[in-house]
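Peer 1: my_file.cif is reproduced below (mmCIF, C-alpha atoms).
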```cif
data_start
#
loop_
_atom_site.label_atom_id
_atom_site.label_comp_id
_atom_site.auth_asym_id
_atom_site.auth_seq_id
_atom_site.Cartn_x
_atom_site.Cartn_y
_atom_site.Cartn_z
CA MET A 252 -17.18 -35.44 45.88
CA ASN A 253 -14.08 -37.58 45.30
CA VAL A 254 -13.59 -35.98 41.91
CA ARG A 255 -13.73 -32.54 43.55
CA ARG A 256 -11.27 -33.60 46.18
CA MET A 257 -8.98 -35.00 43.49
CA LEU A 258 -9.22 -31.85 41.34
CA THR A 259 -8.29 -29.67 44.31
CA ILE A 260 -5.68 -31.98 45.92
CA ASN A 261 -7.81 -32.32 49.03
CA TYR A 262 -9.09 -28.72 48.77
CA ARG A 263 -5.60 -27.24 48.80
CA LEU A 264 -5.03 -26.24 45.15
CA ASN A 265 -7.68 -25.61 42.50
CA ILE A 266 -6.14 -27.41 39.53
CA MET A 267 -9.01 -26.47 37.20
CA GLY A 268 -8.53 -22.85 38.27
CA LEU A 269 -4.87 -23.02 37.32
CA ILE A 270 -5.78 -24.53 33.95
CA ALA A 271 -8.51 -21.92 33.45
CA GLY A 272 -6.05 -19.14 34.31
CA LEU A 273 -3.50 -20.40 31.82
CA PHE A 274 -6.22 -20.74 29.18
CA LEU A 275 -7.27 -17.14 29.90
CA VAL A 276 -3.67 -16.04 29.26
CA TYR A 277 -3.65 -18.03 26.00
CA ILE A 278 -6.95 -16.50 24.84
CA ALA A 279 -5.84 -12.97 25.75
CA VAL A 280 -2.48 -13.13 24.00
CA SER A 281 -3.79 -15.01 20.95
CA ASP A 282 -4.12 -12.60 18.05
CA LYS A 283 -6.40 -14.88 16.06
CA PRO A 284 -9.85 -13.65 15.01
CA TRP A 285 -13.02 -15.26 16.37
CA TRP A 286 -15.24 -14.11 13.51
CA ILE A 287 -14.17 -13.66 9.90
CA LEU A 288 -16.06 -11.89 7.14
CA ILE A 289 -14.82 -11.88 3.56
CA GLY A 290 -16.38 -9.96 0.70
CA GLY A 291 -15.32 -10.74 -2.84
CA SER A 292 -13.69 -13.83 -4.23
CA VAL A 293 -11.60 -16.30 -2.26
CA LYS A 294 -8.40 -15.07 -3.95
CA GLU A 295 -9.19 -11.36 -3.86
CA HIS A 296 -10.92 -9.71 -0.91
CA ALA A 297 -12.77 -6.50 -1.68
CA PHE A 298 -13.36 -6.16 2.03
CA SER A 299 -12.71 -8.22 5.11
CA ALA A 300 -13.26 -8.09 8.84
CA GLU A 301 -11.41 -10.15 11.42
CA ILE A 302 -12.88 -9.64 14.85
CA SER A 303 -12.23 -10.95 18.34
CA PRO A 304 -12.57 -9.22 21.73
CA PHE A 305 -8.82 -8.55 21.57
CA ARG A 306 -8.29 -7.62 17.94
CA THR A 307 -10.28 -5.91 15.20
CA ALA A 308 -8.96 -5.67 11.66
CA ILE A 309 -11.13 -4.26 8.88
CA THR A 310 -9.96 -3.67 5.33
CA ILE A 311 -11.88 -2.23 2.41
CA LEU A 312 -10.40 -2.43 -1.09
CA GLY A 313 -7.09 -3.50 0.40
CA LYS A 314 -6.78 -0.48 2.71
CA PRO A 315 -7.24 -0.71 6.48
CA VAL A 316 -10.08 1.00 8.31
CA ASP A 317 -8.84 2.35 11.61
CA ILE A 318 -11.33 2.99 14.41
CA PRO A 319 -9.11 4.21 17.28
CA ILE A 320 -11.65 3.59 20.07
CA VAL A 321 -11.98 -0.07 19.01
CA THR A 322 -8.20 -0.55 19.10
CA TYR A 323 -8.00 0.88 22.64
CA MET A 324 -11.02 -1.15 23.79
CA ASN A 325 -9.39 -4.32 22.45
CA MET A 326 -6.25 -3.39 24.34
CA GLY A 327 -8.27 -2.77 27.53
CA LEU A 328 -10.05 -6.12 27.22
CA ARG A 329 -6.73 -7.87 26.72
CA LEU A 330 -5.28 -6.26 29.86
CA SER A 331 -8.44 -7.06 31.84
CA PHE A 332 -8.26 -10.68 30.71
CA LEU A 333 -4.60 -10.93 31.71
CA LEU A 334 -5.43 -9.46 35.11
CA MET A 335 -8.33 -11.89 35.55
CA ALA A 336 -6.03 -14.75 34.56
CA ALA A 337 -3.56 -13.61 37.23
CA THR A 338 -6.28 -13.38 39.92
CA THR A 339 -7.68 -16.78 38.92
CA ILE A 340 -4.24 -18.37 39.21
CA LEU A 341 -3.65 -16.59 42.51
CA GLY A 342 -7.05 -17.66 43.87
CA SER A 343 -6.37 -21.25 42.79
CA ILE A 344 -3.02 -21.32 44.57
CA PHE A 345 -4.41 -19.80 47.80
CA MET A 346 -7.50 -21.97 47.74
CA LYS A 347 -7.55 -22.47 51.50
CA THR A 348 -7.99 -18.78 52.24
CA SER A 349 -11.48 -17.37 52.73
CA TRP A 350 -11.02 -14.69 50.08
CA SER A 351 -9.66 -16.87 47.26
CA ARG A 352 -13.12 -17.73 45.81
CA ARG A 353 -13.60 -14.05 44.91
CA LEU A 354 -10.55 -14.17 42.65
CA ILE A 355 -11.73 -17.00 40.42
CA SER A 356 -12.96 -15.32 37.25
CA LEU A 357 -15.71 -16.56 34.95
CA ALA A 358 -14.58 -14.29 32.10
CA GLY A 359 -13.17 -17.20 30.12
CA PHE A 360 -16.58 -18.85 30.18
CA ILE A 361 -18.79 -15.79 29.74
CA THR A 362 -16.84 -13.94 27.01
CA PRO A 363 -17.16 -16.62 24.29
CA LEU A 364 -20.88 -16.87 25.11
CA ALA A 365 -21.42 -13.10 25.01
CA PHE A 366 -19.36 -12.61 21.81
CA PRO A 367 -21.94 -13.99 19.28
CA ILE A 368 -24.75 -12.10 21.04
CA LEU A 369 -22.89 -8.79 20.78
CA LEU A 370 -21.89 -9.61 17.20
CA TYR A 371 -25.53 -10.30 16.30
CA ILE A 372 -26.60 -6.97 17.83
CA SER A 373 -23.82 -5.15 15.92
CA LEU A 374 -24.87 -6.74 12.62
CA GLU A 375 -28.49 -5.77 13.28
CA ILE A 376 -27.36 -2.17 13.88
CA VAL A 377 -25.46 -2.23 10.56
CA LYS A 378 -28.61 -3.57 8.88
CA MET A 379 -30.80 -0.82 10.35
CA ARG A 380 -28.29 1.99 9.81
CA PHE A 381 -26.94 1.12 6.34
CA GLY A 382 -29.46 -1.40 4.99
CA ILE A 383 -26.73 -4.02 4.54
CA THR A 384 -27.57 -7.56 5.62
CA ILE A 385 -24.37 -9.31 6.66
CA PRO A 386 -24.69 -12.95 7.66
CA MET A 387 -23.16 -14.05 10.95
CA ILE A 388 -22.38 -17.47 9.54
CA GLY A 389 -22.66 -18.64 5.93
CA ARG A 390 -22.66 -17.22 2.45
CA SER A 391 -24.84 -14.60 0.85
CA ASN A 392 -24.85 -12.12 -1.99
CA LEU A 393 -24.84 -8.55 -0.86
CA THR A 394 -26.28 -5.82 -3.07
CA TYR A 395 -25.63 -2.26 -2.07
CA LYS A 396 -26.66 0.92 -3.86
CA MET A 397 -24.76 4.12 -3.31
CA LEU A 398 -24.66 7.57 -4.82
CA LEU A 399 -21.30 8.78 -6.11
CA GLU A 400 -21.12 12.22 -7.67
CA GLY A 401 -24.88 12.11 -8.22
CA ARG A 402 -24.79 8.75 -10.01
CA GLU A 403 -26.19 5.54 -8.61
CA ILE A 404 -23.64 2.79 -8.34
CA VAL A 405 -24.73 -0.76 -7.58
CA ILE A 406 -22.33 -3.17 -5.90
CA HIS A 407 -22.86 -6.92 -5.98
CA ALA A 408 -20.58 -8.75 -3.55
CA PRO A 409 -20.46 -12.40 -2.56
CA VAL A 410 -19.94 -12.58 1.20
CA ILE A 411 -18.67 -15.41 3.40
CA ALA A 412 -18.84 -15.22 7.20
CA GLU A 413 -17.73 -17.76 9.75
CA MET A 414 -16.92 -18.26 13.39
CA SER A 415 -13.29 -19.32 13.34
CA LYS A 416 -11.73 -22.41 14.89
CA ASP A 417 -10.19 -20.10 17.48
CA TYR A 418 -13.67 -19.04 18.64
CA TRP A 419 -14.74 -22.66 19.17
CA THR A 420 -11.44 -23.29 20.95
CA ALA A 421 -12.10 -20.31 23.24
CA LEU A 422 -15.63 -21.58 23.88
CA ILE A 423 -14.35 -25.04 24.83
CA ILE A 424 -11.45 -23.85 26.94
CA GLY A 425 -13.80 -21.50 28.77
CA ILE A 426 -15.44 -24.52 30.41
CA PRO A 427 -12.60 -25.01 32.96
CA SER A 428 -13.39 -21.47 34.25
CA LEU A 429 -16.90 -22.60 35.16
CA VAL A 430 -15.69 -25.90 36.63
CA ALA A 431 -13.01 -24.05 38.62
CA LYS A 432 -15.60 -21.68 40.09
CA LEU A 433 -17.97 -24.53 41.00
CA ILE A 434 -15.20 -26.65 42.52
CA HIS A 435 -13.82 -23.68 44.40
CA SER A 436 -17.19 -22.74 45.88
CA CYS A 437 -17.79 -26.34 46.93
CA GLY A 438 -14.25 -26.69 48.23
CA MET A 439 -14.61 -23.53 50.30
CA THR A 440 -17.85 -24.80 51.83
CA HIS A 441 -16.16 -28.07 52.63
CA SER A 442 -13.05 -26.48 54.16
CA SER A 443 -15.19 -23.99 56.11
CA ARG A 444 -17.17 -26.89 57.56
CA ARG A 445 -13.94 -28.51 58.60
CA MET B 53 -16.11 -12.14 54.89
CA TYR B 54 -14.61 -8.67 55.16
CA ALA B 55 -11.35 -9.84 53.53
CA GLY B 56 -13.33 -11.56 50.75
CA GLY B 57 -15.29 -8.39 49.99
CA LEU B 58 -12.14 -6.29 50.00
CA VAL B 59 -10.33 -8.70 47.67
CA LYS B 60 -13.32 -8.74 45.33
CA PHE B 61 -13.44 -4.93 45.40
CA ILE B 62 -9.71 -4.57 44.67
CA ALA B 63 -9.88 -7.16 41.85
CA SER B 64 -12.88 -5.39 40.29
CA VAL B 65 -11.25 -1.96 40.54
CA LEU B 66 -8.01 -3.26 38.99
CA SER B 67 -9.98 -4.92 36.20
CA LEU B 68 -11.83 -1.69 35.51
CA ILE B 69 -8.59 0.29 35.52
CA ALA B 70 -7.02 -2.25 33.14
CA PHE B 71 -9.94 -1.71 30.74
CA ILE B 72 -10.22 2.06 31.13
CA ALA B 73 -6.47 2.89 31.12
CA PRO B 74 -5.86 2.18 27.39
CA ILE B 75 -8.98 4.18 26.47
CA ALA B 76 -7.78 7.09 28.61
CA TYR B 77 -4.36 6.76 26.96
CA GLY B 78 -6.06 6.84 23.55
CA LEU B 79 -8.05 9.91 24.51
CA ASN B 80 -4.84 11.60 25.59
CA GLU B 81 -3.17 10.64 22.30
CA HIS B 82 -6.10 12.23 20.44
CA GLY B 83 -5.94 15.42 22.50
CA TRP B 84 -9.04 14.45 24.55
CA ASN B 85 -11.11 14.77 21.40
CA ILE B 86 -13.79 12.07 21.66
CA SER B 87 -14.99 12.62 18.11
CA SER B 88 -11.48 11.93 16.77
CA LEU B 89 -11.33 8.74 18.84
CA ILE B 90 -14.61 7.32 17.58
CA THR B 91 -14.36 8.45 13.95
CA PRO B 92 -13.19 5.72 11.56
CA HIS B 93 -10.10 6.67 9.57
CA TYR B 94 -9.95 5.36 6.03
CA THR B 95 -8.13 6.41 2.89
CA PRO B 96 -9.72 4.66 -0.08
CA PRO B 97 -7.49 3.59 -2.93
CA LYS B 98 -7.79 5.53 -6.16
CA ILE B 99 -10.11 3.83 -8.65
CA GLY B 100 -10.58 5.10 -12.16
CA ILE B 101 -10.68 4.34 -15.85
CA ALA B 102 -9.89 6.99 -18.43
CA LEU B 103 -11.51 6.42 -21.81
CA LYS B 104 -9.76 8.13 -24.72
CA PRO B 105 -11.68 7.90 -28.01
CA SER B 106 -9.91 6.32 -30.99
CA PRO B 107 -11.13 6.56 -34.61
CA PRO B 108 -14.26 4.46 -35.20
CA LYS B 109 -14.46 1.66 -37.72
CA ILE B 110 -17.23 0.28 -39.87
CA SER B 111 -17.33 -3.49 -39.86
CA GLY B 112 -20.13 -5.00 -41.94
CA LYS B 113 -23.35 -3.56 -40.61
CA ALA B 114 -21.84 -2.50 -37.30
CA ILE B 115 -19.93 0.56 -36.22
CA LEU B 116 -17.10 -0.09 -33.82
CA LEU B 117 -16.72 2.76 -31.36
CA ARG B 118 -13.15 2.41 -30.19
CA PHE B 119 -11.49 3.71 -27.08
CA GLN B 120 -8.19 3.47 -25.34
CA ALA B 121 -9.04 2.44 -21.76
CA ASN B 122 -6.45 3.36 -19.17
CA ASN B 123 -6.60 2.19 -15.57
CA THR B 124 -5.64 5.31 -13.65
CA GLY B 125 -6.32 3.74 -10.26
CA GLU B 126 -4.44 1.50 -7.85
CA ILE B 127 -6.63 -1.59 -8.22
CA GLY B 128 -6.84 -4.03 -11.12
CA ILE B 129 -10.16 -3.82 -12.97
CA ARG B 130 -11.86 -6.28 -15.29
CA ILE B 131 -14.47 -4.73 -17.56
CA LEU B 132 -17.09 -7.43 -17.98
CA SER B 133 -19.80 -5.94 -20.15
CA PHE B 134 -21.64 -2.86 -21.30
CA ASN B 135 -25.35 -2.49 -21.91
CA GLY B 136 -26.42 0.74 -23.45
CA THR B 137 -27.63 2.75 -26.38
CA ALA B 138 -26.19 5.35 -28.74
CA CYS B 139 -28.09 8.40 -29.96
CA ILE B 140 -27.16 11.16 -32.38
CA SER B 141 -26.93 14.33 -30.36
CA GLY B 142 -30.27 15.86 -31.08
CA GLY B 143 -32.23 12.74 -30.34
CA GLU B 144 -32.35 9.96 -32.97
CA ARG B 145 -31.59 6.56 -31.45
CA LEU B 146 -28.90 4.77 -33.42
CA GLY B 147 -29.07 1.37 -31.76
CA SER B 148 -27.87 -0.76 -28.91
CA LEU B 149 -24.28 -0.96 -27.72
CA SER B 150 -22.32 -3.86 -26.32
CA LEU B 151 -18.72 -4.59 -25.38
CA ASP B 152 -16.84 -6.79 -27.85
CA ARG B 153 -14.86 -8.67 -25.16
CA GLU B 154 -13.90 -8.67 -21.50
CA ILE B 155 -10.93 -6.47 -20.73
CA LEU B 156 -8.45 -6.91 -17.92
CA LEU B 157 -6.77 -3.70 -16.81
CA PRO B 158 -4.08 -4.02 -14.15
CA PRO B 159 -3.18 -0.69 -12.48
CA GLY B 160 -1.41 1.71 -14.81
CA THR B 161 -2.09 -0.24 -18.00
CA SER B 162 -4.00 0.57 -21.18
CA GLU B 163 -6.08 -1.64 -23.41
CA ASP B 164 -8.27 -1.19 -26.49
CA LEU B 165 -11.95 -1.09 -25.64
CA THR B 166 -14.47 -1.49 -28.41
CA LEU B 167 -18.20 -0.90 -28.20
CA ILE B 168 -20.20 -2.50 -31.00
CA LEU B 169 -23.02 -0.36 -32.32
CA LYS B 170 -25.49 -2.23 -34.47
CA PRO B 171 -27.81 0.28 -36.11
CA SER B 172 -30.65 -0.72 -38.43
CA GLY B 173 -29.94 -0.30 -42.16
CA ARG B 174 -31.94 2.91 -42.50
CA VAL B 175 -30.32 4.51 -39.44
CA LEU B 176 -26.83 3.58 -40.65
CA GLY B 177 -27.62 5.09 -44.05
CA ASN B 178 -28.86 8.30 -42.44
CA LEU B 179 -25.74 8.51 -40.26
CA ILE B 180 -23.41 8.09 -43.24
CA SER B 181 -25.24 10.62 -45.35
CA ARG B 182 -25.15 13.07 -42.45
CA LEU B 183 -21.43 12.43 -42.03
CA ARG B 184 -20.89 13.13 -45.76
CA GLN B 185 -22.72 16.42 -45.41
CA GLU B 186 -21.49 17.64 -42.05
CA ARG B 187 -18.10 15.78 -41.93
CA TYR B 188 -18.56 15.41 -38.16
CA VAL B 189 -21.31 13.85 -36.06
CA GLU B 190 -21.39 13.65 -32.31
CA ILE B 191 -23.15 10.71 -30.75
CA GLU B 192 -24.16 10.21 -27.17
CA ILE B 193 -23.39 6.95 -25.42
CA CYS B 194 -25.58 6.03 -22.45
CA GLY B 195 -25.64 2.81 -20.53
CA LYS B 196 -24.34 0.71 -17.71
CA MET B 197 -20.87 -0.72 -17.43
CA TYR B 198 -20.21 -3.82 -15.36
CA VAL B 199 -16.74 -4.13 -13.89
CA LYS B 200 -15.17 -6.58 -11.50
CA LEU B 201 -12.70 -5.41 -8.90
CA LEU B 202 -11.29 -7.54 -6.11
CA GLY B 203 -14.01 -10.13 -6.60
CA ILE B 204 -17.03 -7.82 -6.47
CA ILE B 205 -19.12 -6.67 -9.41
CA VAL B 206 -19.82 -2.96 -9.69
CA GLU B 207 -22.48 -1.60 -12.00
CA PHE B 208 -22.18 2.07 -12.83
CA PRO B 209 -23.82 4.42 -15.31
CA VAL B 210 -21.85 5.78 -18.25
CA SER B 211 -22.86 8.84 -20.22
CA ARG B 212 -20.49 10.48 -22.65
CA PHE B 213 -20.16 11.90 -26.14
CA TYR B 214 -18.22 10.36 -28.98
CA GLY B 215 -17.32 12.35 -32.06
CA ILE B 216 -17.11 10.72 -35.48
CA ARG B 217 -15.17 12.51 -38.23
CA MET B 218 -15.71 11.46 -41.80
CA GLU B 219 -11.98 11.46 -42.57
CA GLU B 220 -11.18 9.29 -39.54
CA LEU B 221 -13.79 6.64 -40.31
CA GLU B 222 -12.09 3.33 -41.17
CA SER B 223 -13.81 0.53 -43.01
#
```
Show me, as structure tokens, the structure contained in the file I just sent.
Peer 2:
Amino acid sequence: MNVRRMLTINYRLNIMGLIAGLFLVYIAVSDKPWWILIGGSVKEHAFSAEISPFRTAITILGKPVDIPIVTYMNMGLRLSFLLMAATTILGSIFMKTSWSRRLISLAGFITPLAFPILLYISLEIVKMRFGITIPMIGRSNLTYKMLLEGREIVIHAPVIAEMSKDYWTALIIGIPSLVAKLIHSCGMTHSSRR
Amino acid sequence: MYAGGLVKFIASVLSLIAFIAPIAYGLNEHGWNISSLITPHYTPPKIGIALKPSPPKISGKAILLRFQANNTGEIGIRILSFNGTACISGGERLGSLSLDREILLPPGTSEDLTLILKPSGRVLGNLISRLRQERYVEIEICGKMYVKLLGIIVEFPVSRFYGIRMEELES
């Protein structure tokens, strides 16, 4: 209980909430990918994908693949995150009010947990739709057969996939969101009792 | 409790608007055409090799089928190998074909490409006697070429004719 009191300056300011809010801003404005896929050699990439909830960049044979809806969804998620960061900071500052608990967002904690699940589902869809098995993490050799002008072309591509350092950073810095929510709930109960 | 619910409602609505607004903007940019919004846009780079036949050469018991390979595309290509066969048009199999060496072709460059045909003694004799009679023999090249581009290996079928003129034959 003393730790909670300390982290909220006697239930007046949710310090973890402030930290979580600032971390949310950092995650939202960071343009770094969370998952990276590279096909080809280390020096030359035949194709690559750099994906995070806020940015998607896909290139094939050095040319970008543009999926407009994905760009706008990334933009929407970024704006939502910034808004949630603002409400979390606001809720942390006005901790004593009865409504502040509702403003503390868990997005910073949930998003990095949901990301690999959604990624796994997407890769399974690619596997079912195109017959291409792309690893989520690790190396593999991809073989893909395609018909071009009636002739069968076989492509053999070494593939490397990894969750980036920025993903693990986002996962770790999402923890203050959870702590802030727990502390805030407890703090509210305590201040209500008083 | 009422204030808490209202705040939660406003925060949720704002969050939803923040997510939806860019998508609505995108839809507007694409003339409210959903199909245009969800369709991936991609312009692949041009990839191609033009093979221009050069006069063949007899080297020992092998016939060197020579080409001028020109990379007409935008991506550098390395030709790794060729596995195939050559037949005289009409049917008789002359022998197996292989590439004499790996060839690196940066975009817009040309390089000599040589396929080594190793026919058996009898087949080579027949081919030369036919060339002496007809002065021109067309052979069919079939096989698979292995090329490397941007770190991936692509295997594609090759099928083309190669004309040999008696007067062009070098030895």
Peer 1: Contacts from chain A to chain B, 9 Å maximum, only C-alpha atoms: show me the residue list as a PyMOL selection string.
Peer 2: chain A and resi 290-298+311-332+334-335+338+349-354+402-409
Peer 1: Nearest to Arg130 in chain B among B:Arg182, B:Arg187, B:Arg153, B:Arg217, with distances taken over all atoms listed in the file: which residue is it?
Peer 2: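 Result for the nearest residue to Arg130 in chain B: B:Arg153.
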Peer 1: At a cut-off of 9 Å from (-22.5, -17.3, 6.1) in the coordinates of the file, what residues are picked up using only C-alpha atoms, written as a list in words?
Peer 2: Leu288, Ile385, Pro386, Met387, Ile388, Gly389, Arg390, Ser391, Val410, Ile411, Ala412 and Glu413 of chain A
Peer 1: Could you check how far CA of Ser436 in chain A sits from CA of Ser356 in chain A, in Å to one decimal?
Peer 2: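 The value is 12.1 Å.
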Peer 1: On this structure, which residues satisfy the PyMOL selection byres ((chain A and resi 416) around 12), written as a PDB file with C-alpha atoms, in the coordinates of the input?
Peer 2:
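See selection_1.pdb below for the written result:
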```pdb
ATOM      1  CA  LYS A 283      -6.400 -14.880  16.060  1.00  0.00           C
ATOM      2  CA  PRO A 284      -9.850 -13.650  15.010  1.00  0.00           C
ATOM      3  CA  TRP A 285     -13.020 -15.260  16.370  1.00  0.00           C
ATOM      4  CA  TRP A 286     -15.240 -14.110  13.510  1.00  0.00           C
ATOM      5  CA  ILE A 287     -14.170 -13.660   9.900  1.00  0.00           C
ATOM      6  CA  SER A 303     -12.230 -10.950  18.340  1.00  0.00           C
ATOM      7  CA  GLU A 413     -17.730 -17.760   9.750  1.00  0.00           C
ATOM      8  CA  MET A 414     -16.920 -18.260  13.390  1.00  0.00           C
ATOM      9  CA  SER A 415     -13.290 -19.320  13.340  1.00  0.00           C
ATOM     10  CA  ASP A 417     -10.190 -20.100  17.480  1.00  0.00           C
ATOM     11  CA  TYR A 418     -13.670 -19.040  18.640  1.00  0.00           C
ATOM     12  CA  TRP A 419     -14.740 -22.660  19.170  1.00  0.00           C
ATOM     13  CA  THR A 420     -11.440 -23.290  20.950  1.00  0.00           C
ATOM     14  CA  ALA A 421     -12.100 -20.310  23.240  1.00  0.00           C
ATOM     15  CA  LEU A 422     -15.630 -21.580  23.880  1.00  0.00           C
ATOM     16  CA  ILE A 423     -14.350 -25.040  24.830  1.00  0.00           C
TER      17      ILE A 423
END
```
Peer 1: Can you pull out the residues contacting Ile216 in chain B? Cut-off 8 Å, using only C-alpha atoms, and skip same-chain residues under 3 positions away; I want them as a list of chain:residue names.
Peer 2: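 The residues that qualify are B:Pro107, B:Pro108, B:Tyr188, B:Val189, B:Glu190, B:Ile191, B:Glu220, B:Leu221.
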Peer 1: Mind telling me what the PyMOL selection byres ((chain A and resi 262-268) around 6) catches here, as number ranges by chain?
Peer 2: A: 256, 258-261, 269-272, 343-344, 346-347, 427, 431, 438
Peer 1: So what does the PyMOL selection byres ((chain B and resi 173-178) around 12) actually pick up in this one, as a list of chain:residue names?
Peer 2: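 Applying the expression gives B:Ile110, B:Ser111, B:Gly112, B:Lys113, B:Ala114, B:Ile115, B:Ala138, B:Cys139, B:Ile140, B:Glu144, B:Arg145, B:Leu146, B:Gly147, B:Leu169, B:Lys170, B:Pro171, B:Ser172, B:Leu179, B:Ile180, B:Ser181, B:Arg182, B:Leu183, B:Arg184, B:Gln185, B:Glu186, B:Val189.
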Peer 1: Can you tell me, as a ChimeraX atom specification, which residues sit within 9 Å of (-11.6, -0.7, -23.9) in the file's frame, using only C-alpha atoms?
Peer 2: /B:103,118-122,131,151-155,162-167
Peer 1: If I take CA of Val65 in chain B and CA of Ala279 in chain A, how far is one from the other in Å, to one decimal?
Peer 2: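 Atom-to-atom, CA of Val65 in chain B and CA of Ala279 in chain A are spaced 19.2 Å apart.
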Peer 1: Need the shell around Leu357 in chain A: protein/DNA/RNA residues with any atom at most 8 Å away, counting all atoms listed in the file. Skip same-chain ones fewer than 5 positions apart. Format as a PDB file with C-alpha atoms, in the frame of the given file?
Peer 2:
```pdb
ATOM      1  CA  SER A 428     -13.390 -21.470  34.250  1.00  0.00           C
ATOM      2  CA  LEU A 429     -16.900 -22.600  35.160  1.00  0.00           C
ATOM      3  CA  LYS A 432     -15.600 -21.680  40.090  1.00  0.00           C
TER       4      LYS A 432
END
```
Peer 1: In Å to one decimal, how far is CA of Val430 in chain A from CA of Pro304 in chain A?
Peer 2: 22.6 Å
Peer 1: Residues within 12 Å of Gly382 in chain A, please, as a list in words. Count all atoms listed in the file; anything in the same chain fewer than 2 positions from it doesn't count.
Peer 2: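 Selected residues are Leu374, Glu375, Ile376, Val377, Lys378, Met379, Arg380, Thr384, Ile385, Leu393, Thr394, Tyr395, Lys396 and Met397 of chain A.
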Peer 1: Counting only C-alpha atoms, which of B:Pro158, B:Leu132, B:Leu117, B:Ser150 gets nearest to Phe213 in chain B?
Peer 2: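 Checking each candidate against Phe213 in chain B, we get B:Leu117 as the closest.
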Peer 1: Go through A:Leu275, A:Gly425, A:Ile309, A:Met257 one by one, measure the shortest atom-to-atom distance of each to Leu364 in chain A using all atoms listed in the file, and give the residue with the smallest value.
Peer 2: A:Gly425
Peer 1: Pick out the closest residue to Ala102 in chain B from this set: B:Ser211, B:Thr124, B:Asn135, B:Asn85. Count all atoms listed in the file.
Peer 2: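 Smallest distance to Ala102 in chain B is found for B:Thr124.
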Peer 1: Which of these residues is nearest to Phe305 in chain A, using only C-alpha atoms: A:Arg255, A:Ile289, A:Phe366, A:Ala337?
Peer 2: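 Smallest distance to Phe305 in chain A is found for A:Phe366.
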Peer 1: Supply range 130-143 of chain B as a PDB file, keeping the file's coordinate frame, with N, CA and C atoms built in where the input has gaps.
Peer 2:
```pdb
ATOM      1  N   ARG B 130     -11.458  -5.491 -14.131  1.00  0.00           N
ATOM      2  CA  ARG B 130     -11.860  -6.280 -15.290  1.00  0.00           C
ATOM      3  C   ARG B 130     -13.193  -5.730 -15.784  1.00  0.00           C
ATOM      4  N   ILE B 131     -13.206  -5.243 -17.014  1.00  0.00           N
ATOM      5  CA  ILE B 131     -14.470  -4.730 -17.560  1.00  0.00           C
ATOM      6  C   ILE B 131     -15.205  -5.923 -18.160  1.00  0.00           C
ATOM      7  N   LEU B 132     -16.365  -6.221 -17.589  1.00  0.00           N
ATOM      8  CA  LEU B 132     -17.090  -7.430 -17.980  1.00  0.00           C
ATOM      9  C   LEU B 132     -18.022  -7.208 -19.164  1.00  0.00           C
ATOM     10  N   SER B 133     -18.838  -6.175 -19.071  1.00  0.00           N
ATOM     11  CA  SER B 133     -19.800  -5.940 -20.150  1.00  0.00           C
ATOM     12  C   SER B 133     -20.299  -4.508 -20.137  1.00  0.00           C
ATOM     13  N   PHE B 134     -21.019  -4.186 -21.199  1.00  0.00           N
ATOM     14  CA  PHE B 134     -21.640  -2.860 -21.300  1.00  0.00           C
ATOM     15  C   PHE B 134     -22.998  -3.026 -21.955  1.00  0.00           C
ATOM     16  N   ASN B 135     -24.005  -2.475 -21.325  1.00  0.00           N
ATOM     17  CA  ASN B 135     -25.350  -2.490 -21.910  1.00  0.00           C
ATOM     18  C   ASN B 135     -25.800  -1.049 -22.061  1.00  0.00           C
ATOM     19  N   GLY B 136     -26.010  -0.649 -23.284  1.00  0.00           N
ATOM     20  CA  GLY B 136     -26.420   0.740 -23.450  1.00  0.00           C
ATOM     21  C   GLY B 136     -26.936   1.024 -24.845  1.00  0.00           C
ATOM     22  N   THR B 137     -27.134   2.310 -25.080  1.00  0.00           N
ATOM     23  CA  THR B 137     -27.630   2.750 -26.380  1.00  0.00           C
ATOM     24  C   THR B 137     -26.796   3.939 -26.860  1.00  0.00           C
ATOM     25  N   ALA B 138     -26.863   4.170 -28.167  1.00  0.00           N
ATOM     26  CA  ALA B 138     -26.190   5.350 -28.740  1.00  0.00           C
ATOM     27  C   ALA B 138     -27.241   6.174 -29.463  1.00  0.00           C
ATOM     28  N   CYS B 139     -27.154   7.492 -29.302  1.00  0.00           N
ATOM     29  CA  CYS B 139     -28.090   8.400 -29.960  1.00  0.00           C
ATOM     30  C   CYS B 139     -27.279   9.500 -30.645  1.00  0.00           C
ATOM     31  N   ILE B 140     -27.797   9.986 -31.769  1.00  0.00           N
ATOM     32  CA  ILE B 140     -27.160  11.160 -32.380  1.00  0.00           C
ATOM     33  C   ILE B 140     -27.552  12.343 -31.525  1.00  0.00           C
ATOM     34  N   SER B 141     -26.573  13.198 -31.214  1.00  0.00           N
ATOM     35  CA  SER B 141     -26.930  14.330 -30.360  1.00  0.00           C
ATOM     36  C   SER B 141     -28.015  15.127 -31.068  1.00  0.00           C
ATOM     37  N   GLY B 142     -29.098  15.273 -30.437  1.00  0.00           N
ATOM     38  CA  GLY B 142     -30.270  15.860 -31.080  1.00  0.00           C
ATOM     39  C   GLY B 142     -31.432  14.903 -30.932  1.00  0.00           C
ATOM     40  N   GLY B 143     -31.122  13.621 -30.691  1.00  0.00           N
ATOM     41  CA  GLY B 143     -32.230  12.740 -30.340  1.00  0.00           C
ATOM     42  C   GLY B 143     -32.335  11.380 -30.989  1.00  0.00           C
TER      43      GLY B 143
END
```
